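Comments concern the structure below.
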Amino acid sequence: MAQLSGNLLYAAFILYLIGTAFFGGAIRAKSSSKAAKIGISITILGFLAQLGYFITRWIAGGHAPLSNLFEFTTFFGMMLVLAFIFIYFIYKTSTLGVFTLPIALLLIAYASMFPRDIAPLIPALQSHWLAIHVSTVALGIAILSISFAAGLIYLVKVIDYSKKSQKPFWLELTLYVLISFLGYIFLSIGFGATGYQAEFDYVNKNGAQANVEYHLPALVGPNQGELVTADRMDALVNLPSYVNTLKLNTVLWSLFAGLLLYGLFRLILRKPIGQALKPVVKNVNLELVDEIGYRAVTIGFPVFTLGGLIFAAIWAQIAWTRFWAWDPKEVWALITWLFYAAYLHLRLSKGWHGENSAWLTLIGFAIILFNLIGVNLIIAGLHSYAM
């Protein structure tokens, strides 16, 4: 069953990739209807394959596959595709597929670099609230992420690279962050193929001696860490015990690899990436894209409120006998909620439409990514078991 589950996820990945290609073809074709229909049909097949992965993994594990970073991130990607499918049938814009599906592909590929073994749930997770809370959060941030894709399309079209301003820089920075996901994937595959590992003895946050194994050269090491593996790179600096240095090291290497890949793309394209994407958005209706971004937030915000705050508080009371404890994950969930509440306020009361609204969706997605990557991988807290 576990093997079938993995094959279905792989099939979904391939189908999403093919769907992206057809949506790209629909943009270039004189008659885009046929290519777009094939693209959305293949995307739906991919979603059904990934849904099959989710169900078979649930059967194999005996619980909803939402308990670790691999399972949550793949589910997040699946919900992003589901949100796109529904929005596509409303607005029928192929360009959204060209920008949304690659994000889902990056999420799935990123997730696959984490341990994929099915493990029994710890006591705190042995509750039906696991599926209720986590799935609702994933659906909420997936719908909100559609607003990011729409905002990115808007900005690629309107930003003028020939004028001196900071706007091209911030757009390129956004694209660099996405490319860094790809950098992490290449790094994990490369060092994994060489069998790289380096062990460190260190003192954990409880003051006890512990051991950790790195699979990438250590840029940052654990608290009072000592390298015990011969012929391996020692850490450049050791950090306090409250920092998950193993995961932070991965993030730093990913950013470095992303920088190299970004430079390679710039060298090949001989222009900024955002500028190279302009032909893709040439025929985009800006008012329509702006509307998609706004509608995604108006739908995703209440869904996230339900899952990220209300359901989370109920489960926290059941699992830890309190509704709130200022855990890093809880704090960033609140920050996410406050940001999108501010977005709606600025949009409805201050008239922040168009480009201003698009920039806000990029900031919102940055907060979502930090909650997914920064909080999960770097900051130790009550949600650390989800890694």
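Convention: chains lettered A, B, ... in structure tokens order; per-chain residue numbering from 1; ligands numbered from 1 as shown.
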Once you count only C-alpha atoms, what closest atom pair and distance in Å to one decimal does each residue of region 92-146 of chain A within 10 Å of region 82-88 of chain A have, with rows by chain and rising residue number, as a tab-separated table?
```
residue	atom	partner	partner_atom	distance
A:Lys92	CA	A:Tyr88	CA	4.8
A:Thr93	CA	A:Tyr88	CA	6.2
A:Ser94	CA	A:Tyr88	CA	7.7
A:Thr95	CA	A:Tyr88	CA	9.9
A:Leu96	CA	A:Tyr88	CA	7.8
A:Gly97	CA	A:Phe84	CA	7.3
A:Thr100	CA	A:Phe84	CA	7.2
A:Leu101	CA	A:Phe84	CA	8.3
A:Leu139	CA	A:Ala83	CA	8.0
A:Gly140	CA	A:Ala83	CA	9.5
A:Ala142	CA	A:Ala83	CA	6.8
A:Ile143	CA	A:Ala83	CA	5.7
A:Leu144	CA	A:Ala83	CA	9.3
A:Ser145	CA	A:Ala83	CA	9.1
A:Ile146	CA	A:Phe84	CA	6.9
```
In region 93-332 of chain A, what's alpha helix (DSSP H) per DSSP? Answer as number ranges by chain?
A: 94-111, 129-158, 167-194, 245-269, 273-276, 286-304, 312-320, 328-332
Excluding region 149-162 of chain A and its own-chain neighbours fewer than 3 positions away, which residues fall within 8 Å of it when counting only C-alpha atoms? Please give them as a list in words.
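What passes the distance filter is Thr95, Leu96, Phe99, Thr100, Ser145, Ile146, Lys167, Pro168, Leu171, Gly274, Gln275, Leu277, Lys278, Val281, Lys282, Val284, Leu286, Val289, Asp290, Ile292, Gly293, Gly354, Glu355, Ser357, Ala358, Trp359, Thr361 and Leu362 of chain A.
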So which residues touch Leu260 (chain A) within 12 Å, counting only C-alpha atoms, skipping near sequence neighbours fewer than 4 positions away, as a PyMOL selection string?
chain A and resi 176-177+179-180+182-184+186-187+253-256+264-267
Could you produce a table of the residues of region 214-298 of chain A lying within 9 Å of region 23-43 of chain A, with the nearest pair of atoms per residue and their separation in Å rounded to one decimal, using only C-alpha atoms, ordered by chain and increasing residue number, as JSON lines?
```
{"residue": "A:Pro279", "atom": "CA", "partner": "A:Arg28", "partner_atom": "CA", "distance": 9.0}
{"residue": "A:Val280", "atom": "CA", "partner": "A:Ile27", "partner_atom": "CA", "distance": 6.9}
{"residue": "A:Val281", "atom": "CA", "partner": "A:Ile27", "partner_atom": "CA", "distance": 8.4}
{"residue": "A:Asn283", "atom": "CA", "partner": "A:Ile27", "partner_atom": "CA", "distance": 8.2}
```
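Take CA of Lys247 (chain A) and CA of Ala325 (chain A): the distance between them is 23.6 Å.
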Residue nearest Gln209 (chain A) - candidates A:Ile310, A:Ala235, A:Leu269, A:Ser241, atoms counted: only C-alpha atoms
A:Ser241
I need the strand (DSSP E or B) residues of region 126-301 of chain A per DSSP on the backbone, written as a PyMOL selection string.
chain A and resi 198-203+209-214+220-221+226-227+237-238+243
